[in-house]
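Peer 1: Attaching a single structure in structure tokens format; questions to follow.
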Amino acid sequence: VEFARYLPKGGSVLDAGCGVGIPAAKFLSDEGFSVTGVDIAEPMIQIAKKNVPAATFMPGDMMKLDLPDSSFDGIVSLHVIHHVPREQHENVFRLFHRLLKHQGTLMISSASEEFEGTKEHYGVPMFWSHYNPEQTVEIIRKAKFNVISDYHVESQGKLHYWIIARNG
């Protein structure tokens with residue numbers, strides 16, 4: 001909800017790592033925003049299209065988005081960045097900066113502590129790679145964002161770190 005307050009009415013939003021389109025793409029679409037979702041998993045894209053028919057979804061790697069500069073008013077990426085090797089996080093944020101319009105808004109969720117390795121997730125080994133919150137904020141600032149707010153959120157018994165930032 002806080003993220004949506006920084007967007008222009010009917011603005012364009014990229015949901016990077018959208019999964020099945022719930023909750024972010026659905027919420028933003030229901031609020032009247034033009035949503036484009038990208039996810040590396042084709043099966044999730046097919047489900048997202050059913051869950052949020054008003055949005056546009058396409059398969060793709062958020063690290064290699066071939067979209068024009070200044071395409072979006074906002075970018076949201078929830079529970080995704082920590083699956084990218086942390087050495088590449090700054091590159092992801094620089095890509096997001098390029099894709100956002102001037103004064104565009106970014107919202108990400110990250111982890112509340114530093115970790116790199118593989119953990120079981122829903123019965124499947126999954127790669128995790130993240131810095132601590134302070135380092136994540138520093139990397140976002142190096143990518144030329146101004147941090148508006150950052151806070152911890154508990155979800156499913158785990159603590160996550162959320163950041164909202166603007167590029168201008």
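Order determines the names: the first chain of the structure tokens is A, the second B, and so forth; residues in each chain are numbered 1 upward, and ligands are numbered 1 upward as they are shown.
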Sort by chain and increasing residue number a table of all residues of range 44-145 of chain A within 8 Å of range 28-37 of chain A, each with its closest pair of atoms and their distance in Å to one decimal, counting only C-alpha atoms, and write it as JSON lines.

Peer 2:
```
{"residue": "A:Val52", "atom": "CA", "partner": "A:Ser29", "partner_atom": "CA", "distance": 7.5}
{"residue": "A:Ala54", "atom": "CA", "partner": "A:Ser29", "partner_atom": "CA", "distance": 6.7}
{"residue": "A:Ala55", "atom": "CA", "partner": "A:Val35", "partner_atom": "CA", "distance": 5.0}
{"residue": "A:Thr56", "atom": "CA", "partner": "A:Thr36", "partner_atom": "CA", "distance": 4.7}
{"residue": "A:Phe57", "atom": "CA", "partner": "A:Gly37", "partner_atom": "CA", "distance": 4.5}
{"residue": "A:Met58", "atom": "CA", "partner": "A:Gly37", "partner_atom": "CA", "distance": 6.3}
```

Peer 1: Generate a file of the selected residues that holds C-alpha atoms, formatted as an mmCIF file, in the first residue's frame.

Peer 2:
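Final file, result_15.cif:
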```
data_model
loop_
_atom_site.group_PDB
_atom_site.id
_atom_site.type_symbol
_atom_site.label_atom_id
_atom_site.label_comp_id
_atom_site.auth_asym_id
_atom_site.auth_seq_id
_atom_site.Cartn_x
_atom_site.Cartn_y
_atom_site.Cartn_z
ATOM 1 C CA VAL A 52 -4.484 -11.414 -12.872
ATOM 2 C CA ALA A 54 -5.759 -7.452 -16.565
ATOM 3 C CA ALA A 55 -1.949 -7.552 -16.285
ATOM 4 C CA THR A 56 0.640 -8.502 -18.897
ATOM 5 C CA PHE A 57 2.969 -11.378 -18.058
ATOM 6 C CA MET A 58 6.011 -12.686 -19.864
#
```

Peer 1: Determine, counting only C-alpha atoms, which protein, DNA and RNA residues have an atom within 10 Å of an atom of Ala143 in chain A; residues of the same chain fewer than 6 positions away are not included. Present the result as an mmCIF file with N, CA and C atoms, in the first residue's frame.

Peer 2:
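Heads up, here's the output in out-v1.cif:
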```
data_model
loop_
_atom_site.group_PDB
_atom_site.id
_atom_site.type_symbol
_atom_site.label_atom_id
_atom_site.label_comp_id
_atom_site.auth_asym_id
_atom_site.auth_seq_id
_atom_site.Cartn_x
_atom_site.Cartn_y
_atom_site.Cartn_z
ATOM 1 N N HIS A 89 23.785 -8.143 -7.114
ATOM 2 C CA HIS A 89 22.675 -7.295 -6.663
ATOM 3 C C HIS A 89 22.804 -5.863 -7.178
ATOM 4 N N GLU A 90 23.994 -5.306 -7.134
ATOM 5 C CA GLU A 90 24.151 -3.933 -7.608
ATOM 6 C C GLU A 90 23.782 -3.835 -9.091
ATOM 7 N N ASN A 91 24.145 -4.834 -9.880
ATOM 8 C CA ASN A 91 23.777 -4.839 -11.301
ATOM 9 C C ASN A 91 22.260 -4.873 -11.479
ATOM 10 N N VAL A 92 21.572 -5.639 -10.641
ATOM 11 C CA VAL A 92 20.106 -5.691 -10.701
ATOM 12 C C VAL A 92 19.532 -4.312 -10.398
ATOM 13 N N PHE A 93 20.028 -3.670 -9.351
ATOM 14 C CA PHE A 93 19.513 -2.352 -8.971
ATOM 15 C C PHE A 93 19.828 -1.301 -10.026
ATOM 16 N N ARG A 94 20.984 -1.410 -10.660
ATOM 17 C CA ARG A 94 21.315 -0.470 -11.749
ATOM 18 C C ARG A 94 20.378 -0.687 -12.943
ATOM 19 N N LEU A 95 20.036 -1.939 -13.232
ATOM 20 C CA LEU A 95 19.070 -2.227 -14.297
ATOM 21 C C LEU A 95 17.712 -1.637 -13.930
ATOM 22 N N PHE A 96 17.274 -1.841 -12.697
ATOM 23 C CA PHE A 96 15.998 -1.273 -12.257
ATOM 24 C C PHE A 96 16.023 0.254 -12.379
ATOM 25 N N HIS A 97 17.140 0.872 -12.017
ATOM 26 C CA HIS A 97 17.259 2.325 -12.124
ATOM 27 C C HIS A 97 17.084 2.767 -13.574
ATOM 28 N N ARG A 98 17.688 2.044 -14.493
ATOM 29 C CA ARG A 98 17.583 2.366 -15.924
ATOM 30 C C ARG A 98 16.151 2.215 -16.421
ATOM 31 N N VAL A 137 21.108 -1.650 1.712
ATOM 32 C CA VAL A 137 20.800 -0.223 1.557
ATOM 33 C C VAL A 137 21.971 0.501 0.891
ATOM 34 N N ASN A 167 14.459 6.970 -7.692
ATOM 35 C CA ASN A 167 15.633 7.219 -8.532
ATOM 36 C C ASN A 167 15.737 8.667 -8.990
#
```

Peer 1: If you run DSSP on the backbone here, which positions in chain A get strand (DSSP E)? Please write them as number ranges by chain.

Peer 2: A: 12-16, 34-39, 56-59, 72-77, 100-111, 115-121, 124-130, 146-155, 158-166

Peer 1: Tell me, in Å to one decimal, how far CA of Gln103 in chain A is from CA of Ile75 in chain A.

Peer 2: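 Interatomic distance, CA of Gln103 in chain A to CA of Ile75 in chain A: 11.7 Å.
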
Peer 1: Considering only C-alpha atoms, state which residue in the set A:Glu87, A:Glu138, A:Glu154, A:Asp73 is at the smallest distance from Gly11 in chain A.

Peer 2: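 Ranked by minimum distance to Gly11 in chain A, first place goes to A:Asp73.
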
Peer 1: Which residues come within 9 Å of Asp150 in chain A, counting only C-alpha atoms, excluding same-chain residues fewer than 6 positions away, as a PyMOL selection string?

Peer 2: chain A and resi 133+137+161-165

Peer 1: Any idea what's packed within 9 Å of Glu42 in chain A, counting only C-alpha atoms, ignoring anything in its chain fewer than 5 positions away? Could you give it as a list in words?

Peer 2: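 What passes the distance filter is Ile47, Met58, Pro59 and Gly60 of chain A.
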